[in-house]
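Asker: run_14.pdb (PDB, C-alpha atoms, pLDDT in the B column) pasted underneath:
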MODEL        1
ATOM      1  CA  ALA A  13     -38.310 -19.773 -85.792  1.00 42.00           C
ATOM      2  CA  ASP A  14     -37.088 -16.184 -85.602  1.00 42.00           C
ATOM      3  CA  PHE A  15     -37.733 -16.093 -81.841  1.00 42.00           C
ATOM      4  CA  ARG A  16     -35.633 -19.237 -81.422  1.00 41.00           C
ATOM      5  CA  GLU A  17     -32.723 -17.751 -83.362  1.00 45.00           C
ATOM      6  CA  VAL A  18     -32.710 -14.565 -81.292  1.00 41.00           C
ATOM      7  CA  GLU A  19     -33.575 -15.908 -77.848  1.00 57.00           C
ATOM      8  CA  GLY A  20     -33.147 -19.668 -77.872  1.00 60.00           C
ATOM      9  CA  GLU A  21     -35.557 -22.293 -76.591  1.00 66.00           C
ATOM     10  CA  ASP A  22     -35.868 -20.568 -73.183  1.00 69.00           C
ATOM     11  CA  GLY A  23     -36.521 -17.092 -74.567  1.00 82.00           C
ATOM     12  CA  ILE A  24     -39.561 -15.525 -72.921  1.00 88.00           C
ATOM     13  CA  ASP A  25     -41.260 -14.722 -76.219  1.00 87.00           C
ATOM     14  CA  VAL A  26     -40.627 -18.253 -77.420  1.00 90.00           C
ATOM     15  CA  LEU A  27     -42.130 -19.751 -74.278  1.00 93.00           C
ATOM     16  CA  VAL A  28     -45.164 -17.457 -74.334  1.00 91.00           C
ATOM     17  CA  THR A  29     -45.757 -18.309 -77.993  1.00 92.00           C
ATOM     18  CA  ARG A  30     -45.500 -22.024 -77.263  1.00 94.00           C
ATOM     19  CA  LEU A  31     -48.045 -21.634 -74.463  1.00 94.00           C
ATOM     20  CA  ARG A  32     -50.490 -20.046 -76.908  1.00 95.00           C
ATOM     21  CA  ILE A  33     -49.866 -22.974 -79.245  1.00 95.00           C
ATOM     22  CA  ALA A  34     -50.665 -25.354 -76.373  1.00 95.00           C
ATOM     23  CA  VAL A  35     -54.043 -23.669 -75.846  1.00 94.00           C
ATOM     24  CA  VAL A  36     -54.867 -23.872 -79.551  1.00 95.00           C
ATOM     25  CA  THR A  37     -53.712 -27.491 -79.624  1.00 95.00           C
ATOM     26  CA  ALA A  38     -56.151 -28.304 -76.814  1.00 94.00           C
ATOM     27  CA  GLU A  39     -58.964 -26.493 -78.618  1.00 93.00           C
ATOM     28  CA  MET A  40     -58.259 -28.621 -81.693  1.00 94.00           C
ATOM     29  CA  GLY A  41     -58.714 -31.796 -79.643  1.00 93.00           C
ATOM     30  CA  ASP A  42     -55.149 -32.898 -78.911  1.00 94.00           C
ATOM     31  CA  VAL A  43     -55.411 -32.476 -75.152  1.00 94.00           C
ATOM     32  CA  ARG A  44     -52.532 -34.796 -74.268  1.00 94.00           C
ATOM     33  CA  GLY A  45     -50.201 -33.025 -76.676  1.00 95.00           C
ATOM     34  CA  ALA A  46     -51.322 -29.660 -75.292  1.00 95.00           C
ATOM     35  CA  ILE A  47     -50.678 -30.775 -71.721  1.00 96.00           C
ATOM     36  CA  ASP A  48     -47.167 -31.961 -72.556  1.00 96.00           C
ATOM     37  CA  LEU A  49     -46.370 -28.692 -74.308  1.00 96.00           C
ATOM     38  CA  ALA A  50     -47.822 -26.544 -71.514  1.00 96.00           C
ATOM     39  CA  ARG A  51     -45.898 -28.492 -68.866  1.00 96.00           C
ATOM     40  CA  ASP A  52     -42.702 -27.930 -70.840  1.00 95.00           C
ATOM     41  CA  VAL A  53     -43.417 -24.198 -71.057  1.00 95.00           C
ATOM     42  CA  VAL A  54     -44.063 -23.928 -67.310  1.00 96.00           C
ATOM     43  CA  ALA A  55     -40.792 -25.738 -66.606  1.00 95.00           C
ATOM     44  CA  GLY A  56     -38.959 -23.344 -68.940  1.00 94.00           C
ATOM     45  CA  LEU A  57     -40.450 -20.258 -67.303  1.00 94.00           C
ATOM     46  CA  GLU A  58     -39.556 -21.598 -63.868  1.00 94.00           C
ATOM     47  CA  ARG A  59     -35.944 -22.012 -65.030  1.00 92.00           C
ATOM     48  CA  VAL A  60     -35.737 -18.557 -66.563  1.00 92.00           C
ATOM     49  CA  LEU A  61     -37.928 -16.401 -64.317  1.00 94.00           C
ATOM     50  CA  GLY A  62     -38.410 -18.448 -61.176  1.00 94.00           C
ATOM     51  CA  THR A  63     -41.518 -20.004 -59.675  1.00 93.00           C
ATOM     52  CA  ASP A  64     -42.809 -16.759 -58.122  1.00 94.00           C
ATOM     53  CA  ASP A  65     -42.762 -14.641 -61.281  1.00 95.00           C
ATOM     54  CA  GLU A  66     -46.223 -13.547 -62.463  1.00 95.00           C
ATOM     55  CA  GLU A  67     -45.537 -14.812 -65.987  1.00 95.00           C
ATOM     56  CA  THR A  68     -44.741 -18.245 -64.564  1.00 96.00           C
ATOM     57  CA  MET A  69     -47.838 -18.268 -62.382  1.00 97.00           C
ATOM     58  CA  ASP A  70     -50.014 -17.200 -65.332  1.00 96.00           C
ATOM     59  CA  ALA A  71     -48.617 -20.144 -67.296  1.00 97.00           C
ATOM     60  CA  ARG A  72     -49.392 -22.484 -64.407  1.00 97.00           C
ATOM     61  CA  GLU A  73     -52.987 -21.257 -64.487  1.00 97.00           C
ATOM     62  CA  THR A  74     -53.137 -21.943 -68.214  1.00 96.00           C
ATOM     63  CA  LEU A  75     -51.696 -25.424 -67.655  1.00 97.00           C
ATOM     64  CA  ALA A  76     -54.383 -26.187 -65.077  1.00 97.00           C
ATOM     65  CA  GLY A  77     -57.035 -25.068 -67.530  1.00 95.00           C
ATOM     66  CA  VAL A  78     -55.683 -27.337 -70.242  1.00 96.00           C
ATOM     67  CA  ILE A  79     -55.498 -30.253 -67.811  1.00 96.00           C
ATOM     68  CA  SER A  80     -59.025 -29.694 -66.469  1.00 94.00           C
ATOM     69  CA  ASP A  81     -60.668 -31.397 -69.453  1.00 86.00           C
ATOM     70  CA  ASP A  82     -58.462 -34.470 -69.075  1.00 92.00           C
ATOM     71  CA  ASP A  83     -57.985 -34.773 -65.317  1.00 95.00           C
ATOM     72  CA  PRO A  84     -60.167 -32.371 -63.292  1.00 95.00           C
ATOM     73  CA  HIS A  85     -58.788 -33.608 -59.979  1.00 97.00           C
ATOM     74  CA  GLU A  86     -55.233 -32.794 -61.075  1.00 97.00           C
ATOM     75  CA  ALA A  87     -56.446 -29.359 -62.208  1.00 97.00           C
ATOM     76  CA  VAL A  88     -57.897 -28.753 -58.743  1.00 97.00           C
ATOM     77  CA  ARG A  89     -54.596 -29.779 -57.119  1.00 98.00           C
ATOM     78  CA  LEU A  90     -52.624 -27.418 -59.354  1.00 97.00           C
ATOM     79  CA  MET A  91     -55.018 -24.521 -58.756  1.00 97.00           C
ATOM     80  CA  ARG A  92     -54.998 -24.975 -54.986  1.00 97.00           C
ATOM     81  CA  ARG A  93     -51.221 -24.705 -55.027  1.00 97.00           C
ATOM     82  CA  LEU A  94     -51.380 -21.661 -57.313  1.00 98.00           C
ATOM     83  CA  VAL A  95     -53.890 -19.906 -55.051  1.00 98.00           C
ATOM     84  CA  LEU A  96     -51.530 -20.431 -52.108  1.00 98.00           C
ATOM     85  CA  ASP A  97     -48.531 -19.147 -54.071  1.00 97.00           C
ATOM     86  CA  ARG A  98     -50.350 -16.083 -55.424  1.00 98.00           C
ATOM     87  CA  THR A  99     -51.647 -15.291 -51.947  1.00 98.00           C
ATOM     88  CA  ARG A 100     -48.104 -15.498 -50.583  1.00 97.00           C
ATOM     89  CA  VAL A 101     -46.483 -13.477 -53.376  1.00 97.00           C
ATOM     90  CA  LEU A 102     -49.213 -11.014 -54.401  1.00 97.00           C
ATOM     91  CA  GLY A 103     -51.581 -10.953 -51.453  1.00 97.00           C
ATOM     92  CA  ALA A 104     -55.055 -12.302 -50.873  1.00 96.00           C
ATOM     93  CA  ASP A 105     -56.782  -9.276 -52.423  1.00 94.00           C
ATOM     94  CA  HIS A 106     -54.745  -9.110 -55.631  1.00 95.00           C
ATOM     95  CA  PRO A 107     -56.940  -9.534 -58.749  1.00 92.00           C
ATOM     96  CA  SER A 108     -54.743 -12.402 -59.982  1.00 95.00           C
ATOM     97  CA  THR A 109     -55.199 -14.250 -56.690  1.00 97.00           C
ATOM     98  CA  LEU A 110     -58.946 -13.751 -56.859  1.00 96.00           C
ATOM     99  CA  ASP A 111     -58.929 -14.875 -60.487  1.00 95.00           C
ATOM    100  CA  ALA A 112     -57.163 -18.091 -59.481  1.00 96.00           C
ATOM    101  CA  ARG A 113     -59.784 -18.672 -56.795  1.00 97.00           C
ATOM    102  CA  THR A 114     -62.484 -18.247 -59.451  1.00 96.00           C
ATOM    103  CA  ASP A 115     -60.859 -20.914 -61.596  1.00 96.00           C
ATOM    104  CA  LEU A 116     -60.434 -23.178 -58.573  1.00 97.00           C
ATOM    105  CA  ALA A 117     -64.156 -22.963 -57.826  1.00 97.00           C
ATOM    106  CA  GLY A 118     -65.040 -23.946 -61.376  1.00 96.00           C
ATOM    107  CA  PHE A 119     -62.547 -26.798 -61.431  1.00 97.00           C
ATOM    108  CA  THR A 120     -63.796 -28.040 -58.056  1.00 97.00           C
ATOM    109  CA  ALA A 121     -67.345 -28.246 -59.360  1.00 96.00           C
ATOM    110  CA  GLY A 122     -66.097 -29.968 -62.509  1.00 93.00           C
ATOM    111  CA  ALA A 123     -64.250 -32.525 -60.410  1.00 95.00           C
ATOM    112  CA  GLY A 124     -67.507 -33.779 -58.901  1.00 94.00           C
ATOM    113  CA  GLU A 125     -67.853 -31.440 -55.925  1.00 96.00           C
ATOM    114  CA  PRO A 126     -70.606 -29.042 -57.062  1.00 95.00           C
ATOM    115  CA  GLU A 127     -71.579 -27.843 -53.581  1.00 95.00           C
ATOM    116  CA  ALA A 128     -67.980 -27.026 -52.684  1.00 97.00           C
ATOM    117  CA  GLY A 129     -67.546 -25.268 -56.038  1.00 97.00           C
ATOM    118  CA  VAL A 130     -70.661 -23.165 -55.429  1.00 97.00           C
ATOM    119  CA  GLU A 131     -69.502 -22.099 -51.976  1.00 97.00           C
ATOM    120  CA  GLN A 132     -66.025 -21.238 -53.278  1.00 97.00           C
ATOM    121  CA  MET A 133     -67.500 -19.179 -56.108  1.00 97.00           C
ATOM    122  CA  ARG A 134     -69.902 -17.420 -53.760  1.00 97.00           C
ATOM    123  CA  SER A 135     -66.977 -16.518 -51.496  1.00 97.00           C
ATOM    124  CA  VAL A 136     -64.729 -15.195 -54.255  1.00 97.00           C
ATOM    125  CA  ALA A 137     -67.616 -13.244 -55.830  1.00 97.00           C
ATOM    126  CA  ALA A 138     -68.186 -11.500 -52.494  1.00 97.00           C
ATOM    127  CA  ASP A 139     -64.475 -10.774 -52.115  1.00 97.00           C
ATOM    128  CA  LEU A 140     -64.239  -9.399 -55.647  1.00 96.00           C
ATOM    129  CA  SER A 141     -67.142  -7.072 -54.929  1.00 95.00           C
ATOM    130  CA  ASP A 142     -65.439  -5.869 -51.747  1.00 95.00           C
ATOM    131  CA  VAL A 143     -62.018  -5.400 -53.338  1.00 94.00           C
ATOM    132  CA  LEU A 144     -62.847  -4.152 -56.840  1.00 93.00           C
ATOM    133  CA  GLY A 145     -66.357  -2.821 -56.355  1.00 92.00           C
ATOM    134  CA  ALA A 146     -69.731  -4.445 -56.972  1.00 91.00           C
ATOM    135  CA  ASP A 147     -69.931  -2.987 -60.503  1.00 89.00           C
ATOM    136  CA  HIS A 148     -66.484  -4.183 -61.611  1.00 91.00           C
ATOM    137  CA  PRO A 149     -66.697  -6.569 -64.597  1.00 90.00           C
ATOM    138  CA  GLN A 150     -64.582  -9.205 -62.823  1.00 91.00           C
ATOM    139  CA  ALA A 151     -66.950  -9.169 -59.825  1.00 93.00           C
ATOM    140  CA  LEU A 152     -70.001  -9.354 -62.071  1.00 94.00           C
ATOM    141  CA  ASP A 153     -68.439 -12.177 -64.070  1.00 94.00           C
ATOM    142  CA  ALA A 154     -67.816 -14.178 -60.890  1.00 95.00           C
ATOM    143  CA  ARG A 155     -71.474 -13.770 -59.952  1.00 97.00           C
ATOM    144  CA  ASN A 156     -72.436 -14.970 -63.425  1.00 96.00           C
ATOM    145  CA  ASN A 157     -70.196 -17.997 -62.912  1.00 96.00           C
ATOM    146  CA  LEU A 158     -71.969 -18.606 -59.611  1.00 97.00           C
ATOM    147  CA  VAL A 159     -75.306 -18.620 -61.418  1.00 97.00           C
ATOM    148  CA  GLY A 160     -73.974 -21.244 -63.811  1.00 96.00           C
ATOM    149  CA  LEU A 161     -72.593 -23.459 -61.048  1.00 97.00           C
ATOM    150  CA  LEU A 162     -75.867 -23.260 -59.130  1.00 97.00           C
ATOM    151  CA  GLY A 163     -77.840 -24.282 -62.187  1.00 96.00           C
ATOM    152  CA  GLU A 164     -75.443 -27.054 -63.139  1.00 94.00           C
ATOM    153  CA  SER A 165     -75.751 -28.456 -59.605  1.00 94.00           C
ATOM    154  CA  GLY A 166     -79.539 -28.649 -59.993  1.00 94.00           C
ATOM    155  CA  GLU A 167     -80.391 -25.533 -57.974  1.00 96.00           C
ATOM    156  CA  TYR A 168     -82.488 -24.101 -60.800  1.00 97.00           C
ATOM    157  CA  ALA A 169     -84.711 -21.780 -58.747  1.00 97.00           C
ATOM    158  CA  THR A 170     -81.744 -20.388 -56.819  1.00 97.00           C
ATOM    159  CA  ALA A 171     -79.831 -19.872 -60.069  1.00 97.00           C
ATOM    160  CA  ALA A 172     -82.793 -17.958 -61.492  1.00 97.00           C
ATOM    161  CA  ARG A 173     -83.033 -15.737 -58.405  1.00 97.00           C
ATOM    162  CA  GLU A 174     -79.313 -14.987 -58.469  1.00 97.00           C
ATOM    163  CA  ALA A 175     -79.502 -14.260 -62.205  1.00 97.00           C
ATOM    164  CA  ASP A 176     -82.455 -11.899 -61.720  1.00 97.00           C
ATOM    165  CA  ALA A 177     -80.516  -9.858 -59.152  1.00 96.00           C
ATOM    166  CA  LEU A 178     -77.431  -9.926 -61.368  1.00 97.00           C
ATOM    167  CA  VAL A 179     -79.317  -8.616 -64.401  1.00 97.00           C
ATOM    168  CA  ARG A 180     -80.314  -5.491 -62.478  1.00 95.00           C
ATOM    169  CA  ASP A 181     -76.757  -4.906 -61.258  1.00 94.00           C
ATOM    170  CA  VAL A 182     -75.172  -5.488 -64.668  1.00 95.00           C
ATOM    171  CA  GLU A 183     -77.630  -3.133 -66.338  1.00 94.00           C
ATOM    172  CA  SER A 184     -76.857  -0.501 -63.710  1.00 90.00           C
ATOM    173  CA  GLY A 185     -73.097  -0.936 -63.969  1.00 88.00           C
ATOM    174  CA  LEU A 186     -72.547  -1.600 -67.675  1.00 90.00           C
ATOM    175  CA  GLY A 187     -75.716  -0.459 -69.421  1.00 93.00           C
ATOM    176  CA  ALA A 188     -78.754  -2.196 -70.855  1.00 94.00           C
ATOM    177  CA  ASP A 189     -77.145  -2.852 -74.250  1.00 95.00           C
ATOM    178  CA  HIS A 190     -73.818  -4.190 -73.002  1.00 95.00           C
ATOM    179  CA  VAL A 191     -72.946  -7.664 -74.267  1.00 95.00           C
ATOM    180  CA  MET A 192     -72.616  -8.995 -70.714  1.00 95.00           C
ATOM    181  CA  THR A 193     -76.070  -7.664 -69.843  1.00 96.00           C
ATOM    182  CA  LEU A 194     -77.538  -9.549 -72.785  1.00 97.00           C
ATOM    183  CA  THR A 195     -75.629 -12.690 -71.790  1.00 96.00           C
ATOM    184  CA  VAL A 196     -76.879 -12.565 -68.204  1.00 97.00           C
ATOM    185  CA  ARG A 197     -80.441 -12.011 -69.429  1.00 97.00           C
ATOM    186  CA  ALA A 198     -80.112 -15.139 -71.566  1.00 96.00           C
ATOM    187  CA  ASN A 199     -78.950 -17.069 -68.519  1.00 96.00           C
ATOM    188  CA  LEU A 200     -81.883 -15.740 -66.521  1.00 97.00           C
ATOM    189  CA  ALA A 201     -84.321 -16.949 -69.174  1.00 96.00           C
ATOM    190  CA  PHE A 202     -82.655 -20.368 -69.318  1.00 95.00           C
ATOM    191  CA  TRP A 203     -82.639 -21.019 -65.590  1.00 97.00           C
ATOM    192  CA  THR A 204     -86.149 -19.620 -65.229  1.00 97.00           C
ATOM    193  CA  PHE A 205     -87.252 -22.191 -67.794  1.00 95.00           C
ATOM    194  CA  ARG A 206     -85.390 -24.981 -66.021  1.00 95.00           C
ATOM    195  CA  SER A 207     -87.009 -23.987 -62.729  1.00 96.00           C
ATOM    196  CA  GLY A 208     -90.406 -24.718 -64.272  1.00 95.00           C
ATOM    197  CA  ASP A 209     -91.692 -21.203 -64.972  1.00 95.00           C
ATOM    198  CA  GLU A 210     -91.998 -21.623 -68.720  1.00 93.00           C
ATOM    199  CA  GLY A 211     -94.289 -18.628 -69.229  1.00 94.00           C
ATOM    200  CA  SER A 212     -91.870 -16.185 -67.638  1.00 96.00           C
ATOM    201  CA  ALA A 213     -88.957 -17.767 -69.487  1.00 96.00           C
ATOM    202  CA  GLN A 214     -90.668 -17.300 -72.846  1.00 94.00           C
ATOM    203  CA  ARG A 215     -91.451 -13.669 -72.035  1.00 95.00           C
ATOM    204  CA  LEU A 216     -87.865 -13.006 -70.958  1.00 96.00           C
ATOM    205  CA  LEU A 217     -86.440 -14.664 -74.044  1.00 96.00           C
ATOM    206  CA  THR A 218     -88.835 -12.902 -76.423  1.00 95.00           C
ATOM    207  CA  GLU A 219     -87.823  -9.527 -74.969  1.00 96.00           C
ATOM    208  CA  LEU A 220     -84.158 -10.521 -75.152  1.00 97.00           C
ATOM    209  CA  VAL A 221     -84.363 -11.541 -78.814  1.00 96.00           C
ATOM    210  CA  ALA A 222     -85.806  -8.148 -79.729  1.00 96.00           C
ATOM    211  CA  ASP A 223     -82.903  -6.396 -77.992  1.00 97.00           C
ATOM    212  CA  GLN A 224     -80.303  -8.764 -79.437  1.00 97.00           C
ATOM    213  CA  GLU A 225     -81.614  -8.182 -82.956  1.00 96.00           C
ATOM    214  CA  ARG A 226     -81.373  -4.420 -82.371  1.00 96.00           C
ATOM    215  CA  VAL A 227     -77.945  -4.412 -80.694  1.00 96.00           C
ATOM    216  CA  LEU A 228     -76.156  -7.407 -82.229  1.00 96.00           C
ATOM    217  CA  GLY A 229     -78.106  -8.020 -85.410  1.00 96.00           C
ATOM    218  CA  PRO A 230     -80.404 -10.883 -86.413  1.00 95.00           C
ATOM    219  CA  ASP A 231     -77.561 -13.060 -87.701  1.00 96.00           C
ATOM    220  CA  HIS A 232     -75.367 -12.836 -84.595  1.00 96.00           C
ATOM    221  CA  PRO A 233     -74.699 -16.241 -82.996  1.00 96.00           C
ATOM    222  CA  ASP A 234     -76.135 -15.091 -79.649  1.00 96.00           C
ATOM    223  CA  THR A 235     -79.321 -13.901 -81.329  1.00 96.00           C
ATOM    224  CA  MET A 236     -79.630 -17.152 -83.240  1.00 96.00           C
ATOM    225  CA  LEU A 237     -79.117 -19.158 -80.055  1.00 95.00           C
ATOM    226  CA  SER A 238     -81.903 -17.254 -78.310  1.00 95.00           C
ATOM    227  CA  LEU A 239     -84.194 -17.811 -81.289  1.00 93.00           C
ATOM    228  CA  GLN A 240     -83.406 -21.507 -81.103  1.00 93.00           C
ATOM    229  CA  GLY A 241     -84.348 -21.420 -77.437  1.00 91.00           C
ATOM    230  CA  LEU A 242     -87.712 -19.936 -78.305  1.00 89.00           C
ATOM    231  CA  VAL A 243     -88.294 -22.654 -80.867  1.00 89.00           C
ATOM    232  CA  GLU A 244     -87.454 -25.307 -78.301  1.00 87.00           C
ATOM    233  CA  MET A 245     -89.918 -23.699 -75.907  1.00 84.00           C
ATOM    234  CA  GLY A 246     -92.569 -23.975 -78.620  1.00 75.00           C
ATOM    235  CA  HIS A 247     -92.950 -20.213 -78.844  1.00 51.00           C
ATOM    236  CA  ARG A 248     -91.907 -19.845 -82.476  1.00 46.00           C
ATOM    237  CA  ASP A 249     -92.019 -22.094 -85.524  1.00 44.00           C
TER     238      ASP A 249
ENDMDL
END
Turn the structure described in the file into structure tokens.
Answerer:
Amino acid sequence: ADFREVEGEDGIDVLVTRLRIAVVTAEMGDVRGAIDLARDVVAGLERVLGTDDEETMDARETLAGVISDDDPHEAVRLMRRLVLDRTRVLGADHPSTLDARTDLAGFTAGAGEPEAGVEQMRSVAADLSDVLGADHPQALDARNNLVGLLGESGEYATAAREADALVRDVESGLGADHVMTLTVRANLAFWTFRSGDEGSAQRLLTELVADQERVLGPDHPDTMLSLQGLVEMGHRD
């Protein structure tokens, strides 16, 4: 209310706050209401800042994310347009452009084109490594997303191989006890299991649980999830 009094409905702080509310609204299950609110915010930012402002383009990316759960094909259309606009305004190698390409790959896979999504993610992961460096968290995260898309498309063995290589690179770049390292190790165990190598998966997960208990604590949700995985593998009662 105070923002509205000072800045009015089109105040930047008001619009940014309303966009955060839209995200929370979607998380609470009211996707249609969240979409309407996010669209209204994007329109307001376009009026105030213009379509090429970074704040406006960030809001468009958020809108596409909110829409993706309701209409993945519309989300893909919005992200394709955003990638083009960010490339034009910021350049092809700008981190925000590459981030939009990452989202586009995920939305493409979610819209029923898993092979296209995998190839898009593979391409942007390579570009992120070239632009930001192979050890940059954004580049490593894109590779982790690639692992997930490969597995979700049924390429379990390929996902496991990619995850195995990624574990080594994440450990080298971020350290053995980094949260992302532990996350990637969990993914490696999962896709190894799905590929049919249950013995290796159990070994990987057992080793991971020991490190998670040491680093995160036995009651951490990630530790508990790994323990649940061991139970489902029949390794623990």
Asker: Carefully work through the PyMOL selection byres ((chain A and resi 115) around 10) for this structure and note down the residues it includes, as an mmCIF file with C-alpha atoms, keeping the file's coordinate frame.
Answerer:
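After the write, part.cif holds the following:
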data_model
loop_
_atom_site.group_PDB
_atom_site.id
_atom_site.type_symbol
_atom_site.label_atom_id
_atom_site.label_comp_id
_atom_site.auth_asym_id
_atom_site.auth_seq_id
_atom_site.Cartn_x
_atom_site.Cartn_y
_atom_site.Cartn_z
ATOM 1 C CA GLU A 73 -52.987 -21.257 -64.487
ATOM 2 C CA ALA A 76 -54.383 -26.187 -65.077
ATOM 3 C CA GLY A 77 -57.035 -25.068 -67.530
ATOM 4 C CA ALA A 87 -56.446 -29.359 -62.208
ATOM 5 C CA VAL A 88 -57.897 -28.753 -58.743
ATOM 6 C CA MET A 91 -55.018 -24.521 -58.756
ATOM 7 C CA ARG A 92 -54.998 -24.975 -54.986
ATOM 8 C CA VAL A 95 -53.890 -19.906 -55.051
ATOM 9 C CA LEU A 110 -58.946 -13.751 -56.859
ATOM 10 C CA ASP A 111 -58.929 -14.875 -60.487
ATOM 11 C CA ALA A 112 -57.163 -18.091 -59.481
ATOM 12 C CA ARG A 113 -59.784 -18.672 -56.795
ATOM 13 C CA THR A 114 -62.484 -18.247 -59.451
ATOM 14 C CA LEU A 116 -60.434 -23.178 -58.573
ATOM 15 C CA ALA A 117 -64.156 -22.963 -57.826
ATOM 16 C CA GLY A 118 -65.040 -23.946 -61.376
ATOM 17 C CA PHE A 119 -62.547 -26.798 -61.431
ATOM 18 C CA THR A 120 -63.796 -28.040 -58.056
ATOM 19 C CA GLY A 129 -67.546 -25.268 -56.038
ATOM 20 C CA GLN A 132 -66.025 -21.238 -53.278
ATOM 21 C CA MET A 133 -67.500 -19.179 -56.108
ATOM 22 C CA ALA A 154 -67.816 -14.178 -60.890
ATOM 23 C CA ASN A 157 -70.196 -17.997 -62.912
#
Asker: Just the residues within 10 Å of Glu131 (chain A), please, counting all atoms listed in the file, with nothing from its chain fewer than 2 positions along; format it as a PyMOL selection string.
Answerer: chain A and resi 117+121+126-129+133-137+158+161-162
Asker: Neighbouring residues of region 230-237 of chain A were defined as those with any atom within 10 Å, considering all atoms listed in the file; residues of the same chain fewer than 3 positions away were excluded. Please report them as a PDB file with C-alpha atoms, in the frame of the given file.
Answerer:
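Result file follows (part_36.pdb):
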ATOM      1  CA  VAL A 191     -72.946  -7.664 -74.267  1.00 95.00           C
ATOM      2  CA  LEU A 194     -77.538  -9.549 -72.785  1.00 97.00           C
ATOM      3  CA  THR A 195     -75.629 -12.690 -71.790  1.00 96.00           C
ATOM      4  CA  ALA A 198     -80.112 -15.139 -71.566  1.00 96.00           C
ATOM      5  CA  LEU A 220     -84.158 -10.521 -75.152  1.00 97.00           C
ATOM      6  CA  VAL A 221     -84.363 -11.541 -78.814  1.00 96.00           C
ATOM      7  CA  ALA A 222     -85.806  -8.148 -79.729  1.00 96.00           C
ATOM      8  CA  ASP A 223     -82.903  -6.396 -77.992  1.00 97.00           C
ATOM      9  CA  GLN A 224     -80.303  -8.764 -79.437  1.00 97.00           C
ATOM     10  CA  GLU A 225     -81.614  -8.182 -82.956  1.00 96.00           C
ATOM     11  CA  ARG A 226     -81.373  -4.420 -82.371  1.00 96.00           C
ATOM     12  CA  VAL A 227     -77.945  -4.412 -80.694  1.00 96.00           C
ATOM     13  CA  GLN A 240     -83.406 -21.507 -81.103  1.00 93.00           C
ATOM     14  CA  GLY A 241     -84.348 -21.420 -77.437  1.00 91.00           C
ATOM     15  CA  LEU A 242     -87.712 -19.936 -78.305  1.00 89.00           C
ATOM     16  CA  VAL A 243     -88.294 -22.654 -80.867  1.00 89.00           C
TER      17      VAL A 243
END
Asker: Quick check, in Å to one decimal: how far apart do CA of Glu39 (chain A) and CA of Thr74 (chain A) lie?
Answerer: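 One can read the CA of Glu39 (chain A) to CA of Thr74 (chain A) distance as 12.8 Å.
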Asker: To one decimal place, how far is CA of Pro107 (chain A) from CA of Gln150 (chain A) in Å?
Answerer: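 Calculated distance between CA of Pro107 (chain A) and CA of Gln150 (chain A) is 8.7 Å.
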Asker: Residues near Leu216 (chain A), anyone? I mean within 12 Å using all atoms listed in the file, not counting same-chain ones fewer than 4 positions away, as a PDB file with C-alpha atoms, in the coordinates of the input.
Answerer:
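Here's the written file part36.pdb:
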ATOM      1  CA  ALA A 172     -82.793 -17.958 -61.492  1.00 97.00           C
ATOM      2  CA  ASP A 176     -82.455 -11.899 -61.720  1.00 97.00           C
ATOM      3  CA  VAL A 179     -79.317  -8.616 -64.401  1.00 97.00           C
ATOM      4  CA  LEU A 194     -77.538  -9.549 -72.785  1.00 97.00           C
ATOM      5  CA  VAL A 196     -76.879 -12.565 -68.204  1.00 97.00           C
ATOM      6  CA  ARG A 197     -80.441 -12.011 -69.429  1.00 97.00           C
ATOM      7  CA  ALA A 198     -80.112 -15.139 -71.566  1.00 96.00           C
ATOM      8  CA  ASN A 199     -78.950 -17.069 -68.519  1.00 96.00           C
ATOM      9  CA  LEU A 200     -81.883 -15.740 -66.521  1.00 97.00           C
ATOM     10  CA  ALA A 201     -84.321 -16.949 -69.174  1.00 96.00           C
ATOM     11  CA  PHE A 202     -82.655 -20.368 -69.318  1.00 95.00           C
ATOM     12  CA  TRP A 203     -82.639 -21.019 -65.590  1.00 97.00           C
ATOM     13  CA  THR A 204     -86.149 -19.620 -65.229  1.00 97.00           C
ATOM     14  CA  PHE A 205     -87.252 -22.191 -67.794  1.00 95.00           C
ATOM     15  CA  ASP A 209     -91.692 -21.203 -64.972  1.00 95.00           C
ATOM     16  CA  GLU A 210     -91.998 -21.623 -68.720  1.00 93.00           C
ATOM     17  CA  GLY A 211     -94.289 -18.628 -69.229  1.00 94.00           C
ATOM     18  CA  SER A 212     -91.870 -16.185 -67.638  1.00 96.00           C
ATOM     19  CA  LEU A 220     -84.158 -10.521 -75.152  1.00 97.00           C
ATOM     20  CA  VAL A 221     -84.363 -11.541 -78.814  1.00 96.00           C
ATOM     21  CA  ALA A 222     -85.806  -8.148 -79.729  1.00 96.00           C
ATOM     22  CA  ASP A 223     -82.903  -6.396 -77.992  1.00 97.00           C
ATOM     23  CA  SER A 238     -81.903 -17.254 -78.310  1.00 95.00           C
ATOM     24  CA  LEU A 239     -84.194 -17.811 -81.289  1.00 93.00           C
ATOM     25  CA  GLY A 241     -84.348 -21.420 -77.437  1.00 91.00           C
ATOM     26  CA  LEU A 242     -87.712 -19.936 -78.305  1.00 89.00           C
ATOM     27  CA  MET A 245     -89.918 -23.699 -75.907  1.00 84.00           C
ATOM     28  CA  HIS A 247     -92.950 -20.213 -78.844  1.00 51.00           C
TER      29      HIS A 247
END
Asker: Suppose you want the space between CA of Leu178 (chain A) and CA of Asn156 (chain A); what is it in Å?
Answerer: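 Between these atoms lies a distance of 7.4 Å.
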Asker: Here's the selection I'm unsure about, the PyMOL selection byres ((chain A and resi 44-52) around 12); applied to the file above, which residues does it give, as a PyMOL selection string?
Answerer: chain A and resi 21-22+26-43+53-59+68+70-83+86-87+90
Asker: For a quick check of understanding, using only C-alpha atoms, which of A:Arg93, A:Arg173, A:Arg98, A:Arg180 has the smallest distance to Leu152 (chain A)?
Answerer: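 Once distances to Leu152 (chain A) are computed over only C-alpha atoms, the minimum belongs to A:Arg180.
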Asker: For Leu144 (chain A), which residue out of A:Glu67, A:His106, A:Arg206, A:Glu219 is the nearest one, using all atoms listed in the file?
Answerer: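 Smallest separation from Leu144 (chain A) among the options: A:His106.
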